[in-house]
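structure-v7.cif follows (mmCIF, C-alpha atoms):
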```cif
data_structure
loop_
_atom_site.group_PDB
_atom_site.id
_atom_site.type_symbol
_atom_site.label_atom_id
_atom_site.label_comp_id
_atom_site.auth_asym_id
_atom_site.auth_seq_id
_atom_site.Cartn_x
_atom_site.Cartn_y
_atom_site.Cartn_z
ATOM 1 C CA MET A 27 -21.200 3.191 -15.490
ATOM 2 C CA SER A 28 -20.527 -0.512 -15.605
ATOM 3 C CA ASP A 29 -21.291 -1.183 -11.934
ATOM 4 C CA GLY A 30 -24.549 0.745 -11.733
ATOM 5 C CA GLN A 31 -23.132 3.405 -9.424
ATOM 6 C CA PRO A 32 -23.744 7.164 -9.759
ATOM 7 C CA PRO A 33 -20.740 9.089 -11.070
ATOM 8 C CA ASP A 34 -18.139 10.009 -8.447
ATOM 9 C CA ARG A 35 -17.822 13.743 -9.091
ATOM 10 C CA LYS A 36 -17.437 16.803 -6.910
ATOM 11 C CA GLY A 37 -17.859 20.551 -7.197
ATOM 12 C CA PRO A 38 -17.886 21.897 -10.757
ATOM 13 C CA ASN A 39 -17.729 18.386 -12.205
ATOM 14 C CA ARG A 40 -21.274 17.604 -11.085
ATOM 15 C CA VAL A 41 -23.973 17.370 -13.732
ATOM 16 C CA LEU A 42 -27.628 18.370 -13.430
ATOM 17 C CA MET A 43 -30.047 17.035 -16.052
ATOM 18 C CA VAL A 44 -33.168 19.184 -16.564
ATOM 19 C CA ILE A 45 -36.067 17.647 -18.506
ATOM 20 C CA ASP A 46 -38.810 20.239 -19.027
ATOM 21 C CA ASP A 47 -40.626 21.590 -22.082
ATOM 22 C CA ASP A 48 -40.660 25.109 -20.592
ATOM 23 C CA PRO A 49 -37.672 27.132 -21.968
ATOM 24 C CA GLY A 50 -37.994 29.519 -19.026
ATOM 25 C CA ILE A 51 -37.469 26.716 -16.516
ATOM 26 C CA GLN A 52 -34.453 25.512 -18.493
ATOM 27 C CA LEU A 53 -32.858 28.968 -18.541
ATOM 28 C CA LEU A 54 -33.509 29.597 -14.834
ATOM 29 C CA ALA A 55 -32.122 26.164 -13.922
ATOM 30 C CA GLU A 56 -28.956 26.850 -15.920
ATOM 31 C CA ASP A 57 -28.568 30.259 -14.274
ATOM 32 C CA VAL A 58 -29.221 29.077 -10.703
ATOM 33 C CA PHE A 59 -27.286 25.814 -10.717
ATOM 34 C CA SER A 60 -24.319 26.993 -12.769
ATOM 35 C CA GLU A 61 -23.599 29.290 -9.848
ATOM 36 C CA GLU A 62 -23.689 26.224 -7.595
ATOM 37 C CA GLY A 63 -20.966 24.581 -9.665
ATOM 38 C CA PHE A 64 -23.155 22.280 -11.774
ATOM 39 C CA ARG A 65 -22.901 21.683 -15.475
ATOM 40 C CA VAL A 66 -26.550 21.880 -16.556
ATOM 41 C CA VAL A 67 -27.770 19.739 -19.464
ATOM 42 C CA THR A 68 -31.313 20.431 -20.681
ATOM 43 C CA PHE A 69 -33.844 18.397 -22.656
ATOM 44 C CA SER A 70 -37.273 19.560 -23.855
ATOM 45 C CA SER A 71 -39.009 16.175 -23.844
ATOM 46 C CA GLY A 72 -38.845 12.712 -22.411
ATOM 47 C CA GLU A 73 -37.923 11.305 -25.808
ATOM 48 C CA GLU A 74 -34.897 13.627 -26.090
ATOM 49 C CA ALA A 75 -33.777 12.828 -22.569
ATOM 50 C CA LEU A 76 -34.008 9.073 -23.047
ATOM 51 C CA ALA A 77 -32.048 9.309 -26.300
ATOM 52 C CA GLY A 78 -29.203 11.299 -24.697
ATOM 53 C CA ALA A 79 -29.291 10.054 -21.111
ATOM 54 C CA ALA A 80 -26.550 7.428 -21.399
ATOM 55 C CA GLN A 81 -24.112 10.036 -22.749
ATOM 56 C CA VAL A 82 -24.856 12.491 -19.912
ATOM 57 C CA LEU A 83 -25.148 10.261 -16.813
ATOM 58 C CA PRO A 84 -25.923 13.097 -14.369
ATOM 59 C CA ASP A 85 -25.622 13.349 -10.613
ATOM 60 C CA VAL A 86 -29.242 14.474 -10.222
ATOM 61 C CA VAL A 87 -32.268 14.911 -12.505
ATOM 62 C CA LEU A 88 -35.019 17.567 -12.494
ATOM 63 C CA LEU A 89 -37.992 16.141 -14.363
ATOM 64 C CA ASP A 90 -41.332 17.801 -15.190
ATOM 65 C CA ILE A 91 -44.335 15.536 -14.761
ATOM 66 C CA MET A 92 -46.540 17.190 -17.383
ATOM 67 C CA MET A 93 -44.890 17.130 -20.816
ATOM 68 C CA PRO A 94 -46.168 16.427 -24.337
ATOM 69 C CA GLY A 95 -45.339 12.999 -25.673
ATOM 70 C CA ILE A 96 -43.866 10.764 -22.969
ATOM 71 C CA ASN A 97 -44.881 12.251 -19.612
ATOM 72 C CA GLY A 98 -42.541 12.634 -16.672
ATOM 73 C CA ILE A 99 -43.695 9.496 -14.860
ATOM 74 C CA GLU A 100 -43.033 7.274 -17.871
ATOM 75 C CA THR A 101 -39.729 9.073 -18.522
ATOM 76 C CA CYS A 102 -38.660 8.459 -14.912
ATOM 77 C CA SER A 103 -39.563 4.784 -15.149
ATOM 78 C CA ARG A 104 -37.563 4.368 -18.379
ATOM 79 C CA LEU A 105 -34.583 6.340 -17.031
ATOM 80 C CA LYS A 106 -34.352 3.976 -14.083
ATOM 81 C CA GLN A 107 -33.976 1.070 -16.504
ATOM 82 C CA ILE A 108 -30.862 2.622 -18.095
ATOM 83 C CA LYS A 109 -27.559 1.266 -16.782
ATOM 84 C CA GLY A 110 -26.116 3.731 -14.303
ATOM 85 C CA PHE A 111 -29.402 5.522 -13.516
ATOM 86 C CA GLU A 112 -30.620 3.052 -10.894
ATOM 87 C CA HIS A 113 -29.449 5.178 -7.951
ATOM 88 C CA ILE A 114 -29.438 8.694 -9.445
ATOM 89 C CA PRO A 115 -31.982 10.901 -7.600
ATOM 90 C CA VAL A 116 -34.844 12.189 -9.735
ATOM 91 C CA ILE A 117 -36.702 15.266 -8.442
ATOM 92 C CA MET A 118 -40.101 15.668 -10.056
ATOM 93 C CA LEU A 119 -41.510 19.099 -10.955
ATOM 94 C CA THR A 120 -45.295 19.363 -10.812
ATOM 95 C CA GLY A 121 -47.673 22.249 -11.366
ATOM 96 C CA ARG A 122 -50.685 20.721 -9.715
ATOM 97 C CA ASP A 123 -51.705 19.061 -6.482
ATOM 98 C CA ASP A 124 -52.211 15.523 -7.773
ATOM 99 C CA VAL A 125 -51.685 12.938 -5.034
ATOM 100 C CA GLU A 126 -52.214 10.046 -7.422
ATOM 101 C CA ALA A 127 -49.580 11.393 -9.825
ATOM 102 C CA VAL A 128 -47.166 11.801 -6.931
ATOM 103 C CA GLU A 129 -47.683 8.197 -5.813
ATOM 104 C CA ARG A 130 -47.269 6.912 -9.367
ATOM 105 C CA ALA A 131 -44.054 8.900 -9.745
ATOM 106 C CA TYR A 132 -42.655 7.448 -6.531
ATOM 107 C CA ASP A 133 -43.515 3.985 -7.832
ATOM 108 C CA ALA A 134 -41.627 4.874 -11.027
ATOM 109 C CA GLY A 135 -38.496 5.650 -8.993
ATOM 110 C CA ALA A 136 -38.767 9.361 -8.188
ATOM 111 C CA TRP A 137 -36.703 10.494 -5.201
ATOM 112 C CA ASP A 138 -38.397 13.823 -4.322
ATOM 113 C CA PHE A 139 -40.928 16.418 -5.470
ATOM 114 C CA THR A 140 -41.158 20.179 -5.776
ATOM 115 C CA SER A 141 -44.109 22.165 -7.030
ATOM 116 C CA LYS A 142 -44.381 24.959 -9.589
ATOM 117 C CA PRO A 143 -43.920 27.877 -9.431
ATOM 118 C CA ILE A 144 -40.508 26.782 -8.237
ATOM 119 C CA ASN A 145 -38.995 28.155 -5.058
ATOM 120 C CA TRP A 146 -35.401 28.121 -6.328
ATOM 121 C CA PRO A 147 -33.607 28.561 -2.966
ATOM 122 C CA ILE A 148 -35.500 25.566 -1.567
ATOM 123 C CA LEU A 149 -34.878 23.552 -4.744
ATOM 124 C CA LYS A 150 -31.140 24.249 -4.437
ATOM 125 C CA HIS A 151 -31.182 22.641 -0.994
ATOM 126 C CA ARG A 152 -33.179 19.658 -2.252
ATOM 127 C CA VAL A 153 -30.762 19.105 -5.127
ATOM 128 C CA ALA A 154 -27.761 19.367 -2.801
ATOM 129 C CA TYR A 155 -29.370 16.937 -0.358
ATOM 130 C CA GLY A 156 -30.168 14.551 -3.198
ATOM 131 C CA VAL A 157 -26.539 14.560 -4.351
ATOM 132 C CA ARG A 158 -25.238 13.994 -0.806
ATOM 133 C CA SER A 159 -27.710 11.176 -0.223
ATOM 134 C CA ALA A 160 -26.776 9.461 -3.490
ATOM 135 C CA GLU A 161 -23.089 9.724 -2.609
ATOM 136 C CA ALA A 162 -23.726 8.311 0.872
ATOM 137 C CA PHE A 163 -25.721 5.379 -0.500
ATOM 138 C CA ALA A 164 -23.067 4.758 -3.155
ATOM 139 C CA SER A 165 -20.392 4.728 -0.463
ATOM 140 C CA GLU A 166 -22.393 2.206 1.560
ATOM 141 C CA ARG A 167 -22.856 -0.014 -1.472
ATOM 142 C CA ARG A 168 -19.131 0.132 -2.281
ATOM 143 C CA ALA A 169 -18.302 -0.713 1.323
ATOM 144 C CA ALA A 170 -20.750 -3.623 1.271
ATOM 145 C CA ARG A 171 -19.280 -4.970 -1.982
ATOM 146 C CA LEU A 172 -15.758 -4.571 -0.634
ATOM 147 C CA SER A 173 -16.684 -6.353 2.595
ATOM 148 C CA LYS A 174 -18.263 -9.203 0.621
ATOM 149 C CA THR A 175 -15.193 -9.445 -1.604
ATOM 150 C CA LEU A 176 -12.821 -9.513 1.367
ATOM 151 C CA ASP A 177 -14.917 -12.131 3.165
ATOM 152 C CA SER A 178 -14.937 -14.415 0.129
ATOM 153 C CA SER A 179 -11.243 -13.942 -0.702
ATOM 154 C CA SER A 180 -8.921 -16.927 -0.272
ATOM 155 C CA ASN A 181 -6.170 -14.495 0.734
ATOM 156 C CA GLU A 182 -5.659 -13.639 4.390
ATOM 157 C CA ILE A 183 -6.620 -9.985 4.857
ATOM 158 C CA PHE A 184 -5.996 -7.966 8.021
ATOM 159 C CA THR A 185 -6.284 -4.350 9.079
ATOM 160 C CA PHE A 186 -4.008 -3.007 11.826
ATOM 161 C CA ASP A 187 -4.409 0.199 13.825
ATOM 162 C CA ALA A 188 -1.679 2.589 12.647
ATOM 163 C CA GLN A 189 -0.980 3.790 16.192
ATOM 164 C CA THR A 190 -1.095 0.614 18.278
ATOM 165 C CA LEU A 191 -0.681 -1.969 15.478
ATOM 166 C CA LYS A 192 -3.479 -3.981 17.090
ATOM 167 C CA ILE A 193 -5.616 -6.033 14.717
ATOM 168 C CA LEU A 194 -8.818 -4.220 13.727
ATOM 169 C CA SER A 195 -10.197 -6.964 11.485
ATOM 170 C CA ALA A 196 -9.355 -10.319 9.949
ATOM 171 C CA ASN A 197 -11.315 -11.961 7.152
ATOM 172 C CA PRO A 198 -12.680 -15.543 7.376
ATOM 173 C CA SER A 199 -9.766 -17.022 5.394
ATOM 174 C CA ALA A 200 -7.280 -15.569 7.874
ATOM 175 C CA LEU A 201 -9.239 -16.846 10.878
ATOM 176 C CA ASP A 202 -9.682 -20.314 9.375
ATOM 177 C CA ASN A 203 -6.031 -20.702 8.392
ATOM 178 C CA LEU A 204 -4.750 -19.435 11.742
ATOM 179 C CA GLY A 205 -7.283 -21.355 13.810
ATOM 180 C CA TYR A 206 -8.870 -18.414 15.646
ATOM 181 C CA ALA A 207 -12.522 -17.527 16.185
ATOM 182 C CA ASP A 208 -11.604 -13.840 16.429
ATOM 183 C CA LEU A 209 -8.452 -11.722 16.320
ATOM 184 C CA VAL A 210 -9.830 -8.207 16.860
ATOM 185 C CA GLY A 211 -7.801 -6.421 19.533
ATOM 186 C CA HIS A 212 -4.870 -8.851 19.377
ATOM 187 C CA ASP A 213 -1.303 -7.695 18.838
ATOM 188 C CA PRO A 214 0.186 -8.754 15.490
ATOM 189 C CA TRP A 215 2.786 -10.727 17.492
ATOM 190 C CA THR A 216 -0.010 -13.227 18.133
ATOM 191 C CA ILE A 217 0.283 -14.401 14.536
ATOM 192 C CA ILE A 218 3.967 -13.713 13.682
ATOM 193 C CA ALA A 219 6.282 -16.564 14.591
ATOM 194 C CA ASP A 220 9.566 -15.110 15.882
ATOM 195 C CA SER A 221 10.893 -11.900 17.429
ATOM 196 C CA ASP A 222 13.205 -11.025 14.520
ATOM 197 C CA GLN A 223 10.282 -11.068 12.097
ATOM 198 C CA GLN A 224 8.167 -9.105 14.562
ATOM 199 C CA GLN A 225 10.775 -6.335 14.688
ATOM 200 C CA HIS A 226 11.109 -6.352 10.890
ATOM 201 C CA PHE A 227 7.303 -6.169 10.572
ATOM 202 C CA GLU A 228 7.042 -3.140 12.879
ATOM 203 C CA ARG A 229 9.969 -1.276 11.264
ATOM 204 C CA ALA A 230 8.520 -1.848 7.783
ATOM 205 C CA LEU A 231 5.098 -0.518 8.776
ATOM 206 C CA ARG A 232 6.381 2.533 10.636
ATOM 207 C CA ALA A 233 8.347 3.576 7.528
ATOM 208 C CA LEU A 234 5.243 3.652 5.323
ATOM 209 C CA GLU A 235 3.422 6.809 4.287
ATOM 210 C CA ASP A 236 -0.097 7.184 2.891
ATOM 211 C CA HIS A 237 -0.843 4.736 0.043
ATOM 212 C CA GLN A 238 2.700 3.363 0.104
ATOM 213 C CA GLN A 239 3.154 -0.389 0.382
ATOM 214 C CA VAL A 240 5.810 -2.888 1.356
ATOM 215 C CA GLU A 241 6.223 -6.570 0.499
ATOM 216 C CA LEU A 242 6.788 -8.930 3.413
ATOM 217 C CA ARG A 243 7.585 -12.603 3.921
ATOM 218 C CA LEU A 244 6.574 -13.937 7.300
ATOM 219 C CA GLU A 245 6.301 -17.170 9.225
ATOM 220 C CA MET A 246 2.709 -17.118 10.453
ATOM 221 C CA LEU A 247 1.909 -18.661 13.829
ATOM 222 C CA ARG A 248 -1.290 -20.660 14.191
ATOM 223 C CA ALA A 249 -3.274 -20.984 17.399
ATOM 224 C CA ASP A 250 -2.034 -24.581 17.779
ATOM 225 C CA GLY A 251 1.604 -23.453 17.618
ATOM 226 C CA SER A 252 2.319 -24.648 14.084
ATOM 227 C CA VAL A 253 3.813 -22.237 11.561
ATOM 228 C CA TYR A 254 3.541 -21.718 7.821
ATOM 229 C CA PRO A 255 5.201 -19.359 5.333
ATOM 230 C CA ALA A 256 3.194 -16.427 3.987
ATOM 231 C CA GLU A 257 3.944 -13.670 1.504
ATOM 232 C CA GLY A 258 2.038 -10.465 0.906
ATOM 233 C CA ILE A 259 1.864 -6.704 0.997
ATOM 234 C CA ILE A 260 1.034 -4.089 3.628
ATOM 235 C CA ILE A 261 -0.529 -0.769 2.578
ATOM 236 C CA PHE A 262 -0.885 2.327 4.754
ATOM 237 C CA SER A 263 -4.278 4.022 4.409
ATOM 238 C CA ALA A 264 -5.218 7.414 5.840
ATOM 239 C CA ASP A 265 -8.634 7.401 4.145
ATOM 240 C CA GLU A 266 -10.523 6.472 7.311
ATOM 241 C CA ALA A 267 -10.224 7.036 11.043
ATOM 242 C CA PRO A 268 -8.386 5.520 12.713
ATOM 243 C CA PHE A 269 -5.535 5.441 10.201
ATOM 244 C CA SER A 270 -4.732 1.843 9.424
ATOM 245 C CA TYR A 271 -2.481 -0.639 7.680
ATOM 246 C CA VAL A 272 -4.113 -3.176 5.367
ATOM 247 C CA GLY A 273 -2.282 -6.477 4.969
ATOM 248 C CA ILE A 274 -3.016 -9.031 2.235
ATOM 249 C CA PHE A 275 -1.177 -12.334 2.641
ATOM 250 C CA GLN A 276 -1.131 -15.711 0.970
ATOM 251 C CA ASN A 277 -0.179 -19.053 2.470
ATOM 252 C CA VAL A 278 2.700 -20.248 0.275
ATOM 253 C CA SER A 279 3.229 -23.625 1.979
ATOM 254 C CA GLU A 280 2.138 -25.539 -1.099
ATOM 255 C CA ARG A 281 4.366 -23.459 -3.346
ATOM 256 C CA HIS A 282 7.348 -24.072 -1.069
ATOM 257 C CA ARG A 283 6.619 -27.801 -1.085
ATOM 258 C CA THR A 284 6.422 -27.728 -4.876
ATOM 259 C CA GLU A 285 9.691 -25.806 -5.124
ATOM 260 C CA LYS A 286 11.430 -28.311 -2.818
ATOM 261 C CA GLU A 287 10.082 -31.223 -4.823
ATOM 262 C CA LEU A 288 11.254 -29.655 -8.091
ATOM 263 C CA HIS A 289 14.683 -29.079 -6.537
ATOM 264 C CA ARG A 290 14.829 -32.705 -5.387
ATOM 265 C CA LEU A 291 13.833 -34.005 -8.805
ATOM 266 C CA ALA A 292 16.380 -31.764 -10.510
ATOM 267 C CA PHE A 293 19.396 -32.426 -8.257
ATOM 268 C CA PHE A 294 18.944 -35.860 -6.668
ATOM 269 C CA ASP A 295 18.833 -39.387 -8.047
ATOM 270 C CA GLU A 296 15.354 -40.869 -7.859
ATOM 271 C CA LEU A 297 16.618 -44.361 -6.997
ATOM 272 C CA THR A 298 19.283 -43.721 -4.371
ATOM 273 C CA GLY A 299 18.375 -40.238 -3.171
ATOM 274 C CA LEU A 300 22.009 -39.204 -3.695
ATOM 275 C CA PRO A 301 23.065 -35.963 -5.465
ATOM 276 C CA ASN A 302 23.027 -36.471 -9.232
ATOM 277 C CA ARG A 303 25.314 -35.355 -12.057
ATOM 278 C CA ARG A 304 23.642 -31.945 -12.326
ATOM 279 C CA MET A 305 24.280 -31.283 -8.638
ATOM 280 C CA PHE A 306 27.880 -32.454 -9.080
ATOM 281 C CA LYS A 307 28.456 -30.077 -11.997
ATOM 282 C CA GLU A 308 27.007 -27.117 -10.078
ATOM 283 C CA HIS A 309 29.181 -27.846 -7.027
ATOM 284 C CA VAL A 310 32.285 -28.155 -9.197
ATOM 285 C CA ALA A 311 31.461 -24.878 -10.944
ATOM 286 C CA ARG A 312 31.080 -23.071 -7.602
ATOM 287 C CA VAL A 313 34.352 -24.477 -6.242
ATOM 288 C CA LEU A 314 36.258 -23.561 -9.422
ATOM 289 C CA SER A 315 34.757 -20.061 -9.363
ATOM 290 C CA ALA A 316 35.793 -19.587 -5.716
ATOM 291 C CA ALA A 317 39.319 -20.851 -6.467
ATOM 292 C CA THR A 318 39.617 -18.387 -9.356
ATOM 293 C CA ARG A 319 38.482 -15.454 -7.224
ATOM 294 C CA GLN A 320 40.846 -16.363 -4.379
ATOM 295 C CA ASP A 321 43.719 -17.295 -6.730
ATOM 296 C CA SER A 322 43.937 -20.718 -5.054
ATOM 297 C CA LYS A 323 43.844 -24.352 -6.106
ATOM 298 C CA CYS A 324 41.262 -27.077 -5.677
ATOM 299 C CA ALA A 325 41.294 -30.849 -6.034
ATOM 300 C CA LEU A 326 38.801 -33.376 -7.318
ATOM 301 C CA CYS A 327 38.784 -36.861 -5.800
ATOM 302 C CA VAL A 328 37.222 -39.607 -7.930
ATOM 303 C CA LEU A 329 36.099 -42.805 -6.211
ATOM 304 C CA ASP A 330 35.396 -45.784 -8.462
ATOM 305 C CA LEU A 331 33.683 -49.027 -7.454
ATOM 306 C CA ASP A 332 34.834 -52.184 -9.238
ATOM 307 C CA GLY A 333 32.031 -54.229 -10.668
ATOM 308 C CA PHE A 334 29.395 -51.655 -9.862
ATOM 309 C CA LYS A 335 27.975 -51.785 -13.383
ATOM 310 C CA GLN A 336 26.459 -55.204 -12.628
ATOM 311 C CA VAL A 337 24.701 -53.805 -9.551
ATOM 312 C CA ASN A 338 23.566 -50.744 -11.496
ATOM 313 C CA ASP A 339 22.199 -52.827 -14.368
ATOM 314 C CA ALA A 340 20.429 -55.208 -12.015
ATOM 315 C CA LEU A 341 18.677 -52.387 -10.189
#
```

Please lay out the structure from this file as structure tokens.
Amino acid sequence: MSDGQPPDRKGPNRVLMVIDDDPGIQLLAEDVFSEEGFRVVTFSSGEEALAGAAQVLPDVVLLDIMMPGINGIETCSRLKQIKGFEHIPVIMLTGRDDVEAVERAYDAGAWDFTSKPINWPILKHRVAYGVRSAEAFASERRAARLSKTLDSSSNEIFTFDAQTLKILSANPSALDNLGYADLVGHDPWTIIADSDQQQHFERALRALEDHQQVELRLEMLRADGSVYPAEGIIIFSADEAPFSYVGIFQNVSERHRTEKELHRLAFFDELTGLPNRRMFKEHVARVLSAATRQDSKCALCVLDLDGFKQVNDAL
């Protein structure tokens, strides 16, 4: 896993890694946890497990402390150094009451313990709890990364309540660009410039279904009353309660200014500011095209200025 997260699997896709030199434990683990929907992968030593761990990447690990060769504590420590194993729960199996060994295993990254002989019904609950806990922590980490990404994004990102359309959140870029300290609880009309666009915005959102999206162009209204053009997408998400719309917008003021400047340079004379030859040719082409479609005539009036060449050359 490239991001260090435990695999996102459910039901029969979950994997249990058993590392124990006792063949009886391996067989019982396969029998018990296969019924629980796990694919059980067994290793007889720490060396074997470390060699094959990256190819397995389980959801939970059962690891015997006392094994020949590399013991369970050292195996646990080395597993935790493998990419993707950082947050996978490791449940240690021990046949003796050794408090020091338990503490050392926790220091090595163990998540829980169970003693031998194994009480399999209790172990099933511990494994299930370990999987749920890992999934919950992974979800929190993903949410934290997403929140950090949204906060640092230069795009303006909003969430809107799917029922009321009120703003549930706005990232720092949105607040800075719009000039607000907070927008939570505001109607979207607070930040959309005119009533026609407001109606278009609401109609577009109400037509969306789960995971559908729509592209929108809006005139955004700042707190000081100024407006700027923005383009973006709105996505409907039913993944969380309350259902919400997620909007990602970009201020395109600079792009519009660039487009206007390119248009001016292309169609207007730099010296006089008057339409240039390219503009003239495009206008003539449009007029001729319209005359052809309407089966009508058109006229071209040419105005010449005597002696203008001297003025033109001088300037």

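Across A:Ile45, A:Ile91, A:Val157, A:Ile261, the tightest approach to A:Thr185 is made by A:Ile261 when counting all atoms listed in the file.
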
Q) What is the atom CA of A:His237-atom CA of A:Ile260 distance in Å, reported with one decimal? A)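 We find that atom CA of A:His237 and atom CA of A:Ile260 lie 9.7 Å from each other.
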
(Q) Between A:Gln320, A:Ser252, A:Thr284, A:Ser70, which residue has the minimum interatomic distance to A:Ile96, considering all atoms listed in the file? (A)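 Ranked by minimum distance to A:Ile96, first place goes to A:Ser70.
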
Q | Test item: the PyMOL selection byres ((chain A and resi 149-153) around 12) resolved as a ChimeraX atom specification | A | /A:40-44,54-64,85-88,114-119,137-148,154-160

**Q.** Separation of atom CA of A:Lys335 from atom CA of A:Lys307, in Å and rounded to one decimal
**A.** 21.8 Å

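For the choices A:Pro198, A:Gly251, A:Gly95, A:Pro268, the atom-to-atom distance to A:Thr216 is smallest for A:Gly251 when using only C-alpha atoms.
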
Q: Could you jot down the atom CA of A:Asp202 to atom CA of A:Phe186 separation for me, Å, one decimal place?
A: 18.4 Å

Q: Pull out every residue that the PyMOL selection byres ((chain A and resi 69) around 9) matches in the shown coordinates and put them as a ChimeraX atom specification.
A: /A:43-47,52,67-68,70-75,78

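Remark: for A:Asn203, the closest of the candidate residues A:Arg232, A:Arg243, A:Arg130, A:Arg248 is A:Arg248 (distances computed over all atoms listed in the file).
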
**Q.** Residues near A:Met92, cut-off 8 Å, all atoms listed in the file, skip fewer than 2 positions along chain, as a count of residues only
**A.** 6

**Q.** Within 10 Å of file point (-3.2, -18.6, 15.1), counting all atoms listed in the file, expressed as an MDAnalysis selection string
**A.** chainID A and resid 200:209 216:219 246:253

Q | Residue nearest A:Ala196 among A:Val66, A:Leu83, A:Met93, A:Val272 (counting all atoms listed in the file) | A | A:Val272

Adding 4 Å on each side of the box along x, y and z that holds all listed atoms of stretch 202-206 of chain A, could you give its centre and edge lengths in Å to one decimal, as lines of an AutoDock Vina configuration file?
```
center_x = -7.2
center_y = -19.9
center_z = 12.0
size_x = 12.9
size_y = 10.9
size_z = 15.3
```

Q. Can you list what the PyMOL selection byres ((chain A and resi 230) around 10) grabs from this structure, as a PyMOL selection string?
A. chain A and resi 224-229+231-234+239-242+260

Q: Write out as an NGL selection string each polymer residue whose atoms come within 9 Å of A:Ala292, counting all atoms listed in the file; drop sequence neighbours fewer than 3 positions from it.
A: :A and (287-289 or 295 or 302 or 304-305)

Q. Which is closest to A:Val278 among A:Pro214, A:Glu182, A:Gln238, A:Gln336, if we use only C-alpha atoms?
A.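 Selected residue with least distance to A:Val278: A:Glu182.
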